[in-house]
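Asker: File final_11.cif follows (mmCIF, C-alpha atoms and all ligand atoms):
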```cif
data_my_file
loop_
_atom_site.label_atom_id
_atom_site.label_comp_id
_atom_site.auth_asym_id
_atom_site.auth_seq_id
_atom_site.Cartn_x
_atom_site.Cartn_y
_atom_site.Cartn_z
CA MET A 1 23.79 1.21 -12.97
CA ALA A 2 20.49 -0.55 -12.55
CA GLU A 3 17.05 1.01 -12.58
CA ILE A 4 15.71 0.92 -9.01
CA LEU A 5 12.32 -0.78 -8.83
CA ASP A 6 10.73 1.40 -6.16
CA GLY A 7 8.21 -0.81 -4.36
CA LYS A 8 7.50 1.80 -1.74
CA GLN A 9 6.41 4.36 -4.33
CA LEU A 10 4.47 1.81 -6.33
CA ALA A 11 2.66 0.63 -3.20
CA ARG A 12 1.67 4.25 -2.55
CA THR A 13 0.24 4.52 -6.08
CA ILE A 14 -1.71 1.29 -5.62
CA ARG A 15 -3.13 2.48 -2.29
CA THR A 16 -4.33 5.68 -3.97
CA GLU A 17 -6.07 3.63 -6.67
CA LEU A 18 -7.59 1.29 -4.09
CA LYS A 19 -8.90 4.17 -2.01
CA GLU A 20 -11.13 5.18 -4.90
CA LYS A 21 -12.33 1.63 -5.59
CA VAL A 22 -13.07 1.05 -1.89
CA ALA A 23 -15.08 4.28 -1.77
CA GLU A 24 -17.06 3.12 -4.79
CA LEU A 25 -17.80 -0.24 -3.17
CA LYS A 26 -18.82 1.48 0.06
CA SER A 27 -21.30 3.64 -1.81
CA SER A 28 -22.93 0.43 -3.00
CA GLY A 29 -23.29 -0.62 0.65
CA ILE A 30 -20.28 -2.94 1.15
CA THR A 31 -17.36 -2.03 3.41
CA PRO A 32 -14.44 -4.42 2.86
CA GLY A 33 -13.30 -5.97 6.14
CA LEU A 34 -10.06 -7.72 7.08
CA ALA A 35 -9.35 -9.71 10.26
CA LEU A 36 -5.70 -10.06 11.31
CA LEU A 37 -4.42 -12.50 13.91
CA LEU A 38 -1.02 -12.18 15.55
CA VAL A 39 0.04 -14.92 17.97
CA GLY A 40 3.16 -14.42 20.08
CA ASP A 41 5.71 -11.61 20.17
CA ASN A 42 7.89 -11.98 17.08
CA PRO A 43 9.16 -8.39 16.67
CA ALA A 44 9.13 -8.44 12.85
CA SER A 45 5.57 -9.83 12.80
CA GLN A 46 4.46 -7.03 15.11
CA VAL A 47 5.85 -4.46 12.66
CA TYR A 48 4.19 -6.13 9.66
CA VAL A 49 0.77 -6.52 11.28
CA ARG A 50 0.82 -2.91 12.43
CA SER A 51 1.70 -1.79 8.88
CA LYS A 52 -1.12 -3.91 7.47
CA ALA A 53 -3.75 -2.41 9.80
CA LYS A 54 -2.47 1.10 9.06
CA ALA A 55 -2.63 0.49 5.31
CA CYS A 56 -6.23 -0.76 5.66
CA ALA A 57 -7.22 2.43 7.46
CA GLU A 58 -5.56 4.56 4.80
CA VAL A 59 -7.63 3.07 1.96
CA GLY A 60 -10.88 2.75 3.93
CA ILE A 61 -10.84 -1.00 4.62
CA PHE A 62 -12.31 -1.95 8.00
CA SER A 63 -9.86 -4.08 9.99
CA ILE A 64 -9.77 -6.03 13.24
CA VAL A 65 -6.45 -6.95 14.86
CA GLU A 66 -6.50 -9.74 17.45
CA LYS A 67 -3.25 -10.22 19.38
CA ARG A 68 -2.80 -13.38 21.43
CA PRO A 69 0.06 -14.51 23.69
CA ALA A 70 2.55 -17.17 22.55
CA GLU A 71 0.88 -19.76 24.83
CA THR A 72 -2.45 -19.54 22.97
CA THR A 73 -3.76 -22.99 22.11
CA GLN A 74 -4.50 -24.20 18.60
CA GLU A 75 -8.12 -24.63 19.64
CA GLU A 76 -8.42 -20.94 20.51
CA VAL A 77 -6.96 -19.99 17.14
CA LEU A 78 -9.40 -22.30 15.36
CA GLU A 79 -12.29 -20.80 17.33
CA LEU A 80 -11.35 -17.28 16.22
CA ILE A 81 -11.13 -18.39 12.60
CA ALA A 82 -14.51 -20.14 12.80
CA ARG A 83 -16.02 -16.93 14.16
CA TRP A 84 -14.53 -14.85 11.33
CA ASN A 85 -15.53 -17.41 8.71
CA ALA A 86 -19.13 -16.85 9.81
CA ASP A 87 -18.93 -13.05 10.17
CA PRO A 88 -20.37 -11.24 7.12
CA ARG A 89 -18.44 -8.04 7.94
CA ILE A 90 -15.17 -9.94 7.47
CA HIS A 91 -14.19 -10.59 3.84
CA GLY A 92 -10.54 -11.47 4.47
CA ILE A 93 -8.75 -13.45 7.18
CA LEU A 94 -5.00 -13.34 7.75
CA VAL A 95 -3.06 -15.35 10.33
CA GLN A 96 0.41 -13.84 10.49
CA LEU A 97 3.19 -16.42 10.15
CA PRO A 98 5.24 -17.86 11.72
CA LEU A 99 2.98 -19.34 14.41
CA PRO A 100 4.45 -20.66 17.67
CA ALA A 101 5.86 -24.18 17.25
CA HIS A 102 3.09 -25.92 19.25
CA ILE A 103 0.44 -24.81 16.74
CA ASP A 104 -0.04 -26.86 13.57
CA GLU A 105 0.23 -24.26 10.83
CA GLN A 106 -1.33 -26.46 8.16
CA ALA A 107 -4.38 -27.16 10.35
CA VAL A 108 -4.87 -23.43 10.90
CA LEU A 109 -4.54 -22.49 7.23
CA LEU A 110 -6.96 -25.28 6.26
CA ALA A 111 -9.57 -23.87 8.64
CA ILE A 112 -9.80 -20.53 6.81
CA ASP A 113 -12.69 -20.32 4.35
CA PRO A 114 -10.94 -20.34 0.92
CA ARG A 115 -13.17 -17.42 -0.13
CA LYS A 116 -11.75 -15.35 2.73
CA ASP A 117 -8.19 -16.59 2.31
CA VAL A 118 -6.61 -13.27 1.23
CA ASP A 119 -3.13 -14.76 1.82
CA GLY A 120 -3.81 -17.45 -0.76
CA PHE A 121 -2.21 -20.10 1.47
CA HIS A 122 -5.15 -22.54 1.56
CA PRO A 123 -4.51 -25.62 -0.63
CA GLU A 124 -7.62 -24.75 -2.63
CA ASN A 125 -6.10 -21.42 -3.65
CA MET A 126 -2.67 -22.96 -4.25
CA GLY A 127 -4.40 -25.54 -6.47
CA ARG A 128 -6.31 -22.82 -8.32
CA LEU A 129 -3.06 -20.97 -8.95
CA VAL A 130 -1.35 -24.07 -10.33
CA GLU A 131 -4.32 -24.82 -12.60
CA GLY A 132 -4.55 -21.22 -13.80
CA LEU A 133 -8.02 -20.73 -12.30
CA PRO A 134 -9.21 -17.54 -10.58
CA GLY A 135 -8.46 -17.44 -6.85
CA PHE A 136 -6.32 -15.64 -4.32
CA VAL A 137 -2.66 -15.23 -5.24
CA PRO A 138 -0.32 -14.96 -2.20
CA CYS A 139 0.60 -11.33 -1.52
CA THR A 140 4.38 -11.39 -1.95
CA PRO A 141 4.33 -13.25 -5.29
CA ALA A 142 1.45 -11.03 -6.46
CA GLY A 143 3.52 -7.99 -5.48
CA ILE A 144 6.46 -9.26 -7.55
CA ILE A 145 4.29 -9.73 -10.67
CA GLU A 146 2.80 -6.27 -10.10
CA ILE A 147 6.29 -4.69 -9.92
CA LEU A 148 7.32 -6.34 -13.20
CA ARG A 149 4.02 -5.41 -14.83
CA ARG A 150 4.05 -1.75 -13.80
CA TYR A 151 7.69 -1.28 -14.77
CA ASN A 152 6.95 -2.86 -18.17
CA ILE A 153 9.42 -5.68 -17.64
CA SER A 154 8.23 -8.54 -19.81
CA THR A 155 8.87 -12.08 -18.65
CA VAL A 156 7.48 -13.70 -21.81
CA GLY A 157 9.90 -16.29 -23.14
CA LYS A 158 12.55 -15.24 -20.59
CA HIS A 159 14.42 -17.48 -18.20
CA ALA A 160 13.19 -16.81 -14.66
CA VAL A 161 15.24 -18.40 -11.90
CA VAL A 162 13.61 -18.67 -8.47
CA LEU A 163 15.79 -19.22 -5.41
CA GLY A 164 13.75 -20.82 -2.64
CA ARG A 165 10.81 -23.24 -2.50
CA SER A 166 8.72 -21.96 0.42
CA ASN A 167 4.92 -22.22 0.31
CA ILE A 168 4.59 -18.47 0.76
CA VAL A 169 7.03 -17.25 -1.92
CA GLY A 170 9.10 -19.76 -3.92
CA LYS A 171 6.38 -22.22 -4.94
CA PRO A 172 3.69 -19.68 -5.81
CA ILE A 173 5.97 -17.25 -7.71
CA ALA A 174 7.41 -20.12 -9.76
CA ASN A 175 3.89 -21.29 -10.58
CA LEU A 176 2.77 -17.79 -11.54
CA LEU A 177 5.74 -17.17 -13.79
CA TYR A 178 5.13 -20.09 -16.15
CA GLN A 179 1.38 -19.47 -16.56
CA LYS A 180 0.23 -18.70 -20.08
CA SER A 181 -0.47 -14.99 -19.58
CA ALA A 182 0.91 -11.68 -20.82
CA TYR A 183 2.43 -11.13 -17.37
CA ALA A 184 4.17 -14.48 -17.12
CA ASN A 185 4.92 -17.08 -19.80
CA ALA A 186 8.52 -17.47 -18.63
CA THR A 187 10.71 -20.56 -18.58
CA VAL A 188 11.16 -21.24 -14.88
CA THR A 189 13.93 -22.89 -12.91
CA ILE A 190 13.59 -23.44 -9.16
CA CYS A 191 16.78 -23.64 -7.10
CA HIS A 192 17.00 -24.58 -3.42
CA THR A 193 19.41 -25.63 -0.69
CA ALA A 194 20.27 -28.92 -2.39
CA THR A 195 21.01 -27.32 -5.78
CA GLN A 196 24.53 -28.10 -6.97
CA ASP A 197 26.49 -25.30 -8.64
CA LEU A 198 23.91 -22.62 -7.89
CA ALA A 199 25.87 -19.98 -9.82
CA GLN A 200 25.47 -21.95 -13.05
CA TYR A 201 21.71 -21.37 -12.79
CA THR A 202 21.68 -17.83 -11.46
CA ARG A 203 24.11 -16.70 -14.20
CA SER A 204 21.71 -17.90 -16.87
CA ALA A 205 18.77 -15.95 -15.39
CA ASP A 206 17.11 -13.07 -17.24
CA ILE A 207 14.93 -12.55 -14.18
CA LEU A 208 16.30 -13.63 -10.80
CA ILE A 209 13.90 -13.93 -7.85
CA VAL A 210 15.75 -14.44 -4.58
CA ALA A 211 13.74 -15.77 -1.64
CA ALA A 212 16.40 -17.83 0.11
CA GLY A 213 16.32 -16.22 3.56
CA ARG A 214 20.12 -15.85 3.60
CA PRO A 215 21.53 -12.35 4.01
CA GLN A 216 23.50 -11.14 0.98
CA LEU A 217 23.80 -14.65 -0.49
CA ILE A 218 23.80 -13.40 -4.08
CA THR A 219 26.84 -11.33 -4.99
CA GLY A 220 27.89 -9.86 -8.34
CA ASP A 221 29.65 -13.10 -9.31
CA TYR A 222 26.31 -14.90 -9.41
CA VAL A 223 24.65 -12.75 -12.10
CA ARG A 224 25.13 -11.73 -15.68
CA GLU A 225 24.99 -8.21 -17.13
CA GLY A 226 21.46 -7.01 -17.75
CA VAL A 227 19.66 -9.28 -15.28
CA VAL A 228 16.48 -8.12 -13.51
CA VAL A 229 16.79 -8.89 -9.79
CA ILE A 230 13.91 -9.18 -7.32
CA ASP A 231 15.17 -9.43 -3.75
CA VAL A 232 12.55 -10.92 -1.44
CA GLY A 233 14.85 -11.30 1.56
CA ILE A 234 14.33 -9.21 4.69
CA ASN A 235 17.07 -9.91 7.20
CA ARG A 236 17.72 -7.99 10.39
CA ILE A 237 21.47 -7.54 10.86
CA GLU A 238 22.77 -6.30 14.20
CA ASP A 239 24.25 -2.84 13.81
CA PRO A 240 25.01 -0.85 16.98
CA SER A 241 25.40 2.34 14.92
CA ALA A 242 21.83 2.08 13.54
CA PRO A 243 19.03 3.86 15.45
CA LYS A 244 17.13 0.61 16.10
CA GLY A 245 20.27 -1.46 16.76
CA TYR A 246 19.81 -3.34 13.49
CA ARG A 247 19.56 -2.67 9.80
CA LEU A 248 17.68 -4.53 7.07
CA VAL A 249 19.49 -6.31 4.27
CA GLY A 250 18.16 -8.47 1.49
CA ASP A 251 19.30 -11.85 0.21
CA VAL A 252 21.14 -9.93 -2.51
CA ASP A 253 24.37 -8.03 -2.03
CA PHE A 254 23.04 -4.83 -3.56
CA ASP A 255 26.41 -3.07 -3.92
CA SER A 256 28.01 -5.77 -6.06
CA VAL A 257 24.86 -6.82 -7.99
CA ALA A 258 23.29 -3.45 -8.87
CA PRO A 259 26.14 -2.31 -11.18
CA LYS A 260 25.56 -5.39 -13.38
CA ALA A 261 21.75 -5.45 -13.25
CA ALA A 262 19.32 -3.77 -15.64
CA ALA A 263 16.86 -3.35 -12.74
CA ILE A 264 16.78 -4.30 -9.07
CA THR A 265 14.48 -4.00 -6.05
CA PRO A 266 16.01 -2.43 -2.93
CA VAL A 267 15.61 -3.68 0.66
CA PRO A 268 13.88 -2.04 2.40
CA GLY A 269 11.46 -0.32 0.02
CA GLY A 270 11.11 -3.08 -2.58
CA VAL A 271 8.96 -6.19 -2.28
CA GLY A 272 7.94 -5.63 1.39
CA PRO A 273 5.60 -2.66 0.85
CA MET A 274 4.15 -4.38 -2.24
CA THR A 275 3.20 -7.40 -0.12
CA ILE A 276 0.99 -5.11 1.94
CA ALA A 277 -0.46 -3.33 -1.12
CA MET A 278 -1.47 -6.71 -2.57
CA LEU A 279 -3.09 -7.74 0.70
CA LEU A 280 -5.35 -4.70 0.33
CA THR A 281 -6.00 -5.61 -3.30
CA ASN A 282 -6.92 -9.17 -2.29
CA THR A 283 -9.24 -7.92 0.45
CA LEU A 284 -11.06 -5.77 -2.08
CA ARG A 285 -11.26 -8.78 -4.44
CA ALA A 286 -12.73 -10.79 -1.55
CA ALA A 287 -15.33 -8.12 -0.81
CA THR A 288 -16.49 -7.72 -4.42
CA GLY A 289 -16.58 -11.49 -4.89
CA GLU A 290 -14.43 -11.27 -8.04
CA ALA A 291 -11.59 -13.31 -6.48
CA PHE A 292 -13.08 -16.59 -7.68
CA SER A 293 -14.41 -15.28 -10.99
CA VAL A 294 -11.63 -13.10 -12.46
CA ARG A 295 -8.00 -14.15 -12.81
CA GLN A 296 -5.71 -11.61 -11.17
CA PHE A 297 -3.02 -11.44 -13.87
CA ASP A 298 -4.42 -11.86 -17.35
N1 LIG A 301 0.24 -14.85 6.88
N2 LIG A 301 2.43 -14.20 7.15
C1 LIG A 301 1.30 -14.15 6.44
N3 LIG A 301 1.17 -13.43 5.31
C2 LIG A 301 2.22 -12.71 4.84
O1 LIG A 301 2.12 -12.06 3.68
C3 LIG A 301 3.41 -12.71 5.57
N4 LIG A 301 4.50 -11.94 5.22
C4 LIG A 301 5.84 -12.49 5.45
C5 LIG A 301 5.90 -12.96 6.90
N5 LIG A 301 4.68 -13.59 7.37
C6 LIG A 301 3.50 -13.50 6.72
C7 LIG A 301 4.54 -10.59 5.29
O2 LIG A 301 3.56 -9.89 5.42
C8 LIG A 301 6.72 -11.29 5.18
N6 LIG A 301 5.82 -10.14 5.18
C9 LIG A 301 6.24 -8.80 5.11
C10 LIG A 301 5.35 -7.72 5.10
C11 LIG A 301 5.78 -6.41 5.04
C12 LIG A 301 7.11 -6.13 4.99
C13 LIG A 301 8.02 -7.18 5.00
C14 LIG A 301 7.58 -8.49 5.06
C15 LIG A 301 7.56 -4.71 4.97
O3 LIG A 301 6.78 -3.82 5.12
N7 LIG A 301 8.87 -4.46 4.81
C16 LIG A 301 9.44 -3.13 4.79
C17 LIG A 301 10.32 -2.89 6.00
C18 LIG A 301 9.64 -3.11 7.31
C19 LIG A 301 10.58 -2.99 8.50
O4 LIG A 301 10.99 -1.86 8.79
O5 LIG A 301 10.91 -4.02 9.10
C20 LIG A 301 10.29 -2.98 3.55
O6 LIG A 301 10.50 -1.85 3.11
O7 LIG A 301 10.75 -4.00 3.03
#
```
Starting from the file, give its structure as structure tokens.
Ligand code: L34

Answerer:
Amino acid sequence: MAEILDGKQLARTIRTELKEKVAELKSSGITPGLALLLVGDNPASQVYVRSKAKACAEVGIFSIVEKRPAETTQEEVLELIARWNADPRIHGILVQLPLPAHIDEQAVLLAIDPRKDVDGFHPENMGRLVEGLPGFVPCTPAGIIEILRRYNISTVGKHAVVLGRSNIVGKPIANLLYQKSAYANATVTICHTATQDLAQYTRSADILIVAAGRPQLITGDYVREGVVVIDVGINRIEDPSAPKGYRLVGDVDFDSVAPKAAAITPVPGGVGPMTIAMLLTNTLRAATGEAFSVRQFD
């Protein structure tokens, strides 16, 4: 049976470490500040933004949460961002995605000052990541690298297969994994919805990163013995017997994959909590100014 990669516990450890570093920075006169914007009433987004603000409070990061109705105009969103870009108390800016359909997501992300872009979604930070320059690494991919690093799972020379090509997970994790660094240096294959014979690729993976957004897509048949599986999927499945009326499942069918895997992240309690821990890490990096001078994984 696989080793469980406990993201919830690891995130707790990271918050404890951050608490000390934040206190140190505060004693030098800088309080890290994060501004969060939530537009609309997506129930999952509400949960995530609440968790992010709570995590900030726990480690001593100052945070502002602005909630706006779904009808908010793009102009209003851009005005808020412009205000935060100019506010010296705010080191990090996060616009929770998805945005309502009438708002141009790319225009919003482009408006965020790259030096405050703790999500790492601005093209400048994406470009820095691809070129191997210091910058902000998106939180979910950073959380995945941190899990592998802290569990001493080397990716050097291994075959990493990434399922999914989104801007927030697939593209950045694939680009991190091939970088020449002790915490990457893998051979990377990216699979997506047009991939033919998906199982041929997933079965040759040493490390399998699944960010497909399809509940329980990957079953035991898709993997080989000894694979390390990172399940990025968070899907709400209706379940009348569950207290909230739904339960969370990943993109991986845990019950059939875990017996074959060497290690696997659970859902919940895997990548999700690490995403938030890395947001805190990025906010601290923004406040110290090291984000653009020190590479995150070296
Ligand atoms: N701008 N938008 C922006 N930045 C992000 O980094 C995100 N993401 C994704 C959605 N939109 C975003 C998140 O924050 C996904 N995501 C996220 C954050 C936290 C958790 C899951 C996804 C999380 O805490 N998951 C818990 C379960 C939470 C629950 O009960 O629903 C877990 O244990 O997996």

Asker: Kindly indicate which residue among A:Thr281, A:Arg50, A:Asn235, A:Gly272 lies nearest to A:Glu17, using all atoms listed in the file for the distances.

Answerer: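 Closest candidate: A:Thr281.
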
Asker: Find the spatial neighbours of stretch 136-148 of chain A, counting only C-alpha atoms, within a cut-off of 7 Å - ignore same-chain residues fewer than 5 positions away - and output them as a count of residues only.

Answerer: 19

Asker: I'd like the interatomic distance between atom CA of A:Ile207 and atom CA of A:Val267, to a tenth of an Å.

Answerer: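 It comes out at 17.3 Å.
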
Asker: Considering all atoms listed in the file, state which residue in the set A:Ala160, A:Val249, A:Leu110, A:Cys56 is at the smallest distance from ligand LIG 301 (chain A).

Answerer: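 Once distances to ligand LIG 301 (chain A) are computed over all atoms listed in the file, the minimum belongs to A:Val249.
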
Asker: Which value, in Å to one decimal, gives the distance between atom CA of A:Ala35 and atom CA of A:Asn175?

Answerer: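 It comes out at 27.3 Å.
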
Asker: Under the rule that only C-alpha atoms are counted, which of A:Ile112, A:Ala86, A:Ile276, A:Ala182 is the nearest residue to A:Tyr48?

Answerer: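 Closest candidate: A:Ile276.
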
Asker: Just the residues within 12 Å of A:Lys21, please, counting only C-alpha atoms, with nothing from its chain fewer than 3 positions along; format it as a list in words.

Answerer: Ile14, Arg15, Thr16, Glu17, Leu18, Glu24, Leu25, Lys26, Ser27, Ser28, Ile30, Thr31, Pro32, Val59, Gly60, Ile61, Leu280, Thr281, Thr283, Leu284, Arg285, Ala287 and Thr288 of chain A

Asker: Which polymer residues, whether protein, DNA or RNA, lie within 9 Å of the coordinate (20.6, -17.7, 0.8) when you count all atoms listed in the file? List them as a PyMOL selection string, using the chain letters and numbers from the file.

Answerer: chain A and resi 163-164+192-193+210-218+233+251-252

Asker: When distances are computed from all atoms listed in the file, which of A:Gln9, A:Gln74, A:Asn185, A:Thr202 shows the smallest separation from ligand LIG 301 (chain A)?

Answerer: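 The closest residue to ligand LIG 301 (chain A) is A:Gln9.
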
Asker: Identify which of the residues A:Ala82, A:Ile237, A:Ala101, A:Ile190 lies closest to ligand LIG 301 (chain A), counting only C-alpha atoms and all ligand atoms when measuring atom-to-atom distances.

Answerer: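 So, comparing all the options, the nearest one is A:Ile237.
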
Asker: From the options A:Glu131, A:Glu238, A:Asp231, A:Asp197, which residue's atoms come nearest to ligand LIG 301 (chain A), counting only C-alpha atoms and all ligand atoms?

Answerer: A:Asp231

Asker: Would you compute the distance between atom CA of A:Leu133 and atom CA of A:Ser293? Give it in Å to one decimal.

Answerer: 8.5 Å

Asker: Hey, can you pull every residue with an atom no more than 10 Å from (22.2, -19.7, -12.8), using only C-alpha atoms, and send it as a PyMOL selection string?

Answerer: chain A and resi 159-163+189+191+197-206+208+222-224

Asker: If the box runs along x, y and z of the file and leaves 8 Å on each side of stretch 235-248 of chain A, what are its centre and edge lengths in Å, one decimal, as JSON?

Answerer:
```
{"center_x": 21.2, "center_y": -3.0, "center_z": 12.0, "size_x": 24.3, "size_y": 29.8, "size_z": 25.9}
```
